[in-house]
Structures are given as structure tokens and as C-alpha cells.
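A.B. asks: Take a look at this one; I'll ask things after.
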Amino acid sequence: MYIIGEKINGSIPSMGQAIADRNADYIREMAKKQADAGATYIDCCASVNEGEVETLKWMIDIIQDACDTPICIDSPSPEVLVEVLDYIKKPGLCNSVSGEGNKIDLIFPKIADTKWKVVALLSDDTGIPKDAAGRIRVLNNIMAEAEKYGIAEDRIFIDPLVEMLCAAEDGIEVVIEVEKYIKEHYPDLHIICAVSNISYNLPYRKIVNQAFAAVAMWFGMDAAVMDPLNRDLRGTIYATEALMGEDFFCVEYIDAYREDIFGPVKKD
């Protein structure tokens with residue numbers, strides 16, 4: 001499972017304040033904690049209205065000083081992403097492209113002949129399609145463009161766009177249909193979900209997040225934007241991998257337990 005540590009994001013109030021105050025120590029500590037917890041990538045999102053490029057470069061310097069974990073550079077602006085990619089020491093994950101506007105036209109040529117990987121959102125200029133067929137249409141369009149630039153499937157992380165459960169007519173049925181289609185037609189693609197999106201406006205959100213992670217993994221999710229410091233969620237991921245037959249003799253699950261990755265657990 002690819003884990004994208006979500007904690008260095010200016011949309012989180014405490015992190016937004018740290019960015020505004022130029023509190024480098026807070027950001028450095030959060031980067032190190034996520035890296036130590038096993039994050040595959042450290043998300044870096046400024047979420048500022050002005051000076052985004054300069055702010056991101058400042059944040060990138062701090063993260064790269066704190067750990068060797070690759071960065072998931074995160075911005076809604078393709079122009080910003082293109083400008084900061086060369087500033088990062090080693091290839092990571094570019095977040096993101098979609099079928100909207102000129103995102104693909106700017107980002108795909110930039111990463112085509114590199115080792116950068118990319119997140120692709122299943123939305124376009126019409127917005128987020130409400131049904132699976134609409135999102136699959138966007139998916140096929142994105143993959144056609146990726147082929148033009150020679151970007152291999154295994155460099156692309158498709159985000160089927162998880163919506164909050166309490167406002168979705170079909171629950172996660174749309175996400176599951178898209179996952180099934182991907183596994184059948186593009187087996188080398190990665191599937192990435194922002195796990196906590198499912199539980200907005202619900203009580204005791206972590207239970208919903210854990211249940212969603214298990215279900216989404218069963219149908220193909222192999223990357224999660226999540227809090228790697230959440231031991232319950234990480235435990236769910238290890239257990240689900242074992243149940244799916246991806247952990248030979250449950251070795252990784254047992255090792256994680258022995259290393260106290262799940263936190264204090266009553267021993268049966």
C-alpha cells in the first residue's frame with residue numbers, strides 16, 4: 001500500500017497557521033513523524049491565495065531537510081506544479097491532473113521523460129460525473145492522452161473521487177464500479193483515494209474511514225491519502241492485506257504488531 005501522508009496541508013487549520021507564521025519547526029516535525037510512521041510520500045500543499053510558488057519552495061526545503069521520503073507536490077494550479085517540479089531534489093508524486101482545462105497539456109509534457117508519477121482525478125470541464133460511466137469516460141480520455149506522451153500505466157494514480165457518504169445517493173457504489181473497470185482494462189494503474197473524504201459530517205469518523213479503506217482495498221485501491229500517524233487505520237490496512245492474501249503467512253501483520261505500529265493493544 002502506498003501511503004501519502006496528508007498532514008502538511010495548509011487547509012488543515014493548525015498547519016495553515018504554521019505556514020502563515022513561517023513555523024518551520026512545526027512543519028519539519030510533522031514531516032519527520034510521517035516519514036517515521038512509514039509514509040511512502042509526504043504531501044506538500046500550501047493552500048494559500050498569494051505567493052504559492054514561493055511558499056511551496058519554502059515548505060519543500062523544510063521537508064527535504066527533515067527526511068528522505070519523496071514529496072507528493074499538491075496544488076490545484078498546473079502552472080504552479082510545473083514551476084516547482086524542478087525545485088524538488090528527486091522525483092515523487094505530482095498531484096494532480098484531470099480532464100479540466102489545460103492541466104494535462106501542461107503537466108504531461110513536463111513529466112513525460114522523467115521518473116515522476118502523477119495523480120489523475122476523474123473530473124473534467126463538466127465537473128465530477130455523478131455516475132460511474134461518466135467517470136470512466138474521463139478515465140479513458142486521460143489514458144489516451146497519457147499514451148500520446150508515453151507515460152506508462154504504472155506511473156499513474158487514478159483518483160475516482162470519493163464523496164462524503166452521507167450525501168452520496170449510491171454510497172460508494174460509483175467508486176467500486178470505477179475500481180472494477182480499472183482492474184479489468186488498465187491492470188497496471190494505481191488507484192488512490194482520499195480516505196477521510198468518505199466520512200465528512202458523520203460522527204466517529206475513524207470507524208467509517210477504516211471500513212471504507214478495507215472495502216476500497218478489496219476492489220483495487222492500492223494507495224491512500226491518509227494520516228499515517230493513525231494507528232487504527234494502519235492496523236486496518238495491514239489486516240486487510242492479510243485477508244486479501246497479500247501478506248504471506250501474515251508476516252507483515254505480525255511484524256507490525258511486534259514493532260508496536262498499532263499502538264497499545266490488549267494481548268489475547
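Residue numbers start at 1 in each chain; chains themselves are named A, B, ... in the order of the C-alpha cells; ligands are numbered from 1 in the order shown.
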Find the residues around range 91-95 of chain A up to 9 Å (only C-alpha atoms counted), leave out those fewer than 6 positions away in its own chain, and share them as a list in words.

C.D. replies: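 Everything that qualifies: Tyr41, Asp43, Thr69, Pro70, Ile71, Cys72, Ile73, Asp74, Ser75, Pro76, Leu81, Leu85, Ile107, Ile111, Thr114, Lys115, Trp116, Lys117, Val118, Val119, Ala120, Leu121, Arg155 and Phe157 of chain A.
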
A.B. asks: I need the residues from that last selection saved to file as an mmCIF file, in the first residue's frame (with C-alpha atoms), if you can.

C.D. replies:
```cif
data_model
loop_
_atom_site.group_PDB
_atom_site.id
_atom_site.type_symbol
_atom_site.label_atom_id
_atom_site.label_comp_id
_atom_site.auth_asym_id
_atom_site.auth_seq_id
_atom_site.Cartn_x
_atom_site.Cartn_y
_atom_site.Cartn_z
ATOM 1 C CA TYR A 41 5.180 10.134 0.079
ATOM 2 C CA ASP A 43 2.073 15.553 0.726
ATOM 3 C CA THR A 69 10.805 10.456 1.817
ATOM 4 C CA PRO A 70 9.683 11.589 -1.676
ATOM 5 C CA ILE A 71 7.283 14.506 -1.878
ATOM 6 C CA CYS A 72 3.757 14.489 -3.243
ATOM 7 C CA ILE A 73 3.592 18.044 -4.542
ATOM 8 C CA ASP A 74 -0.007 19.208 -4.334
ATOM 9 C CA SER A 75 -1.667 22.215 -5.969
ATOM 10 C CA PRO A 76 -4.845 22.904 -7.957
ATOM 11 C CA LEU A 81 3.154 22.446 -10.297
ATOM 12 C CA LEU A 85 8.753 20.317 -10.010
ATOM 13 C CA ILE A 107 1.822 18.604 -16.838
ATOM 14 C CA ILE A 111 6.817 14.719 -16.613
ATOM 15 C CA THR A 114 11.102 11.794 -16.107
ATOM 16 C CA LYS A 115 10.507 9.350 -13.249
ATOM 17 C CA TRP A 116 7.736 11.476 -11.764
ATOM 18 C CA LYS A 117 4.423 9.764 -11.064
ATOM 19 C CA VAL A 118 1.110 11.572 -11.256
ATOM 20 C CA VAL A 119 -2.336 11.606 -9.667
ATOM 21 C CA ALA A 120 -5.221 11.883 -12.147
ATOM 22 C CA LEU A 121 -8.659 12.977 -10.922
ATOM 23 C CA ARG A 155 3.189 5.872 -13.197
ATOM 24 C CA PHE A 157 -2.523 7.023 -9.749
#
```

A.B. asks: Could you pull out the alpha helix (DSSP H) residues of range 61-160 of chain A from DSSP and send them as JSON, numbers by chain?

C.D. replies: {"A": [61, 62, 63, 64, 65, 66, 78, 79, 80, 81, 82, 83, 84, 85, 103, 104, 105, 106, 107, 108, 109, 110, 111, 132, 133, 134, 135, 136, 137, 138, 139, 140, 141, 142, 143, 144, 145, 146, 147, 148]}

A.B. asks: Pull C-alpha atoms from the residues just selected and write them as a JSON list (two decimals), in the first residue's frame.

C.D. replies:
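Contents of out.json, freshly written:
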```
[["chain", "number", "residue", "atom", "x", "y", "z"],
["A", 61, "ASP", "CA", 13.18, 22.84, 1.63],
["A", 62, "ILE", "CA", 11.93, 22.04, 5.13],
["A", 63, "ILE", "CA", 10.57, 18.61, 4.19],
["A", 64, "GLN", "CA", 13.69, 17.64, 2.25],
["A", 65, "ASP", "CA", 15.82, 18.70, 5.22],
["A", 66, "ALA", "CA", 13.70, 16.63, 7.61],
["A", 78, "PRO", "CA", -0.90, 23.23, -13.13],
["A", 79, "GLU", "CA", 1.24, 26.33, -13.69],
["A", 80, "VAL", "CA", 2.43, 26.17, -10.09],
["A", 81, "LEU", "CA", 3.15, 22.45, -10.30],
["A", 82, "VAL", "CA", 5.20, 22.86, -13.47],
["A", 83, "GLU", "CA", 7.22, 25.66, -11.87],
["A", 84, "VAL", "CA", 8.10, 23.83, -8.64],
["A", 85, "LEU", "CA", 8.75, 20.32, -10.01],
["A", 103, "LYS", "CA", -3.85, 20.60, -16.83],
["A", 104, "ILE", "CA", -2.89, 17.63, -18.99],
["A", 105, "ASP", "CA", -1.41, 19.86, -21.70],
["A", 106, "LEU", "CA", 0.94, 21.46, -19.17],
["A", 107, "ILE", "CA", 1.82, 18.60, -16.84],
["A", 108, "PHE", "CA", 2.08, 15.54, -19.08],
["A", 109, "PRO", "CA", 4.80, 17.05, -21.32],
["A", 110, "LYS", "CA", 6.66, 18.18, -18.20],
["A", 111, "ILE", "CA", 6.82, 14.72, -16.61],
["A", 132, "ALA", "CA", -19.51, 5.51, -12.96],
["A", 133, "ALA", "CA", -19.99, 5.71, -16.73],
["A", 134, "GLY", "CA", -19.17, 9.42, -16.69],
["A", 135, "ARG", "CA", -16.02, 8.93, -14.64],
["A", 136, "ILE", "CA", -14.92, 6.04, -16.84],
["A", 137, "ARG", "CA", -15.32, 8.33, -19.86],
["A", 138, "VAL", "CA", -12.94, 10.82, -18.22],
["A", 139, "LEU", "CA", -10.58, 7.97, -17.32],
["A", 140, "ASN", "CA", -10.37, 6.75, -20.91],
["A", 141, "ASN", "CA", -9.72, 10.28, -22.17],
["A", 142, "ILE", "CA", -6.89, 10.75, -19.66],
["A", 143, "MET", "CA", -5.33, 7.41, -20.57],
["A", 144, "ALA", "CA", -5.46, 8.27, -24.27],
["A", 145, "GLU", "CA", -3.50, 11.44, -23.53],
["A", 146, "ALA", "CA", -1.02, 9.56, -21.32],
["A", 147, "GLU", "CA", -0.36, 7.15, -24.19],
["A", 148, "LYS", "CA", 0.43, 10.07, -26.50]]
```

A.B. asks: So which residues touch Glu153 in chain A within 8 Å, counting only C-alpha atoms, skipping near sequence neighbours fewer than 5 positions away, as a ChimeraX atom specification?

C.D. replies: /A:186,188-190

A.B. asks: Mind writing the picked residues with N, CA and C atoms as a short mmCIF file (atom, residue, chain, number, x, y, z; two decimals), in the first residue's frame?

C.D. replies:
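Written output follows (selection-v6.cif):
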```cif
data_model
loop_
_atom_site.label_atom_id
_atom_site.label_comp_id
_atom_site.auth_asym_id
_atom_site.auth_seq_id
_atom_site.Cartn_x
_atom_site.Cartn_y
_atom_site.Cartn_z
N TYR A 186 -7.20 -1.59 -17.20
CA TYR A 186 -5.89 -0.98 -17.01
C TYR A 186 -5.25 -1.58 -15.74
N ASP A 188 -2.39 -2.19 -14.66
CA ASP A 188 -1.16 -1.65 -14.09
C ASP A 188 -1.34 -0.27 -13.47
N LEU A 189 -2.52 0.31 -13.62
CA LEU A 189 -2.81 1.59 -12.98
C LEU A 189 -2.88 1.42 -11.47
N HIS A 190 -2.51 2.48 -10.76
CA HIS A 190 -2.73 2.52 -9.32
C HIS A 190 -4.06 3.23 -9.05
#
```

A.B. asks: Which is closer to Met30 in chain A than all the others in A:Val174, A:Ala256, A:Met164, A:Leu229, using only C-alpha atoms?

C.D. replies: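 Of all the options, A:Leu229 lies closest to Met30 in chain A.
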
A.B. asks: Point out the residue among A:Gly101, A:Gly235, A:Pro228, A:Gly150 with the least atom-to-atom distance to Ile42 in chain A, counting only C-alpha atoms.

C.D. replies: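 Among A:Gly101, A:Gly235, A:Pro228, A:Gly150, it is A:Pro228 that comes nearest to Ile42 in chain A.
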
A.B. asks: Do you know which residues are at most 8 Å from Thr236 in chain A counting only C-alpha atoms, after dropping those on the same chain fewer than 2 positions away, and could you put them as a ChimeraX atom specification?

C.D. replies: /A:210,213-214,232-234,238-240

A.B. asks: Could you give me, as a VMD selection string, each residue of range 8-233 of chain A that DSSP assigns to strand (DSSP E or B) when run on this structure's backbone?

C.D. replies: chain A and resid 9 41 to 45 71 to 74 93 to 99 117 to 124 127 156 to 159 190 to 194 223 to 226

A.B. asks: Generate the output file for the selected residues, C-alpha atoms, as a PDB file, in the first residue's frame.

C.D. replies:
```pdb
ATOM      1  CA  ASN A   9      -1.574  20.735   4.006  1.00  0.00           C
ATOM      2  CA  TYR A  41       5.180  10.134   0.079  1.00  0.00           C
ATOM      3  CA  ILE A  42       4.836  13.338   2.096  1.00  0.00           C
ATOM      4  CA  ASP A  43       2.073  15.553   0.726  1.00  0.00           C
ATOM      5  CA  CYS A  44       3.054  19.216   0.415  1.00  0.00           C
ATOM      6  CA  CYS A  45       0.162  21.609  -0.160  1.00  0.00           C
ATOM      7  CA  ILE A  71       7.283  14.506  -1.878  1.00  0.00           C
ATOM      8  CA  CYS A  72       3.757  14.489  -3.243  1.00  0.00           C
ATOM      9  CA  ILE A  73       3.592  18.044  -4.542  1.00  0.00           C
ATOM     10  CA  ASP A  74      -0.007  19.208  -4.334  1.00  0.00           C
ATOM     11  CA  LEU A  93       4.169  12.239  -7.000  1.00  0.00           C
ATOM     12  CA  CYS A  94       2.586  15.169  -8.874  1.00  0.00           C
ATOM     13  CA  ASN A  95      -0.904  15.940  -7.571  1.00  0.00           C
ATOM     14  CA  SER A  96      -2.710  16.408  -9.879  1.00  0.00           C
ATOM     15  CA  VAL A  97      -4.052  16.381 -13.429  1.00  0.00           C
ATOM     16  CA  SER A  98      -7.645  15.880 -14.575  1.00  0.00           C
ATOM     17  CA  GLY A  99      -9.720  16.450 -17.670  1.00  0.00           C
ATOM     18  CA  LYS A 117       4.423   9.764 -11.064  1.00  0.00           C
ATOM     19  CA  VAL A 118       1.110  11.572 -11.256  1.00  0.00           C
ATOM     20  CA  VAL A 119      -2.336  11.606  -9.667  1.00  0.00           C
ATOM     21  CA  ALA A 120      -5.221  11.883 -12.147  1.00  0.00           C
ATOM     22  CA  LEU A 121      -8.659  12.977 -10.922  1.00  0.00           C
ATOM     23  CA  LEU A 122     -11.741  11.715 -12.750  1.00  0.00           C
ATOM     24  CA  SER A 123     -13.282  15.117 -13.383  1.00  0.00           C
ATOM     25  CA  ASP A 124     -13.375  17.394 -16.416  1.00  0.00           C
ATOM     26  CA  GLY A 127     -17.369  18.810 -13.131  1.00  0.00           C
ATOM     27  CA  ILE A 156      -0.434   6.983 -12.926  1.00  0.00           C
ATOM     28  CA  PHE A 157      -2.523   7.023  -9.749  1.00  0.00           C
ATOM     29  CA  ILE A 158      -6.216   7.314 -10.617  1.00  0.00           C
ATOM     30  CA  ASP A 159      -8.408   9.075  -8.065  1.00  0.00           C
ATOM     31  CA  HIS A 190      -2.731   2.519  -9.317  1.00  0.00           C
ATOM     32  CA  ILE A 191      -5.949   3.515  -7.563  1.00  0.00           C
ATOM     33  CA  ILE A 192      -5.698   6.253  -4.961  1.00  0.00           C
ATOM     34  CA  CYS A 193      -8.380   7.552  -2.607  1.00  0.00           C
ATOM     35  CA  ALA A 194      -8.526  10.313  -0.013  1.00  0.00           C
ATOM     36  CA  ALA A 223      -2.748   3.995  -2.447  1.00  0.00           C
ATOM     37  CA  ALA A 224      -4.310   6.137   0.251  1.00  0.00           C
ATOM     38  CA  VAL A 225      -4.105   9.806   1.145  1.00  0.00           C
ATOM     39  CA  MET A 226      -4.339   9.484   4.918  1.00  0.00           C
TER      40      MET A 226
END
```

A.B. asks: Can you tell me which residues surround Glu241 in chain A at a distance of at most 10 Å, considering only C-alpha atoms, apart from same-chain residues fewer than 5 positions away, and format the answer as a ChimeraX atom specification?

C.D. replies: /A:1,214,217-218,222,235-236,246-248,250,252-253

A.B. asks: Taking only C-alpha atoms into account, which of A:Phe212, A:Phe262, A:Phe249, A:Tyr26 comes nearest Glu163 in chain A?

C.D. replies: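 Among the listed residues, A:Phe212 lies closest to Glu163 in chain A.
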
A.B. asks: Quick check, in Å to one decimal: how far apart do CA of Lys180 in chain A and CA of Phe219 in chain A lie?

C.D. replies: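 Value for the CA of Lys180 in chain A-CA of Phe219 in chain A distance: 6.4 Å.
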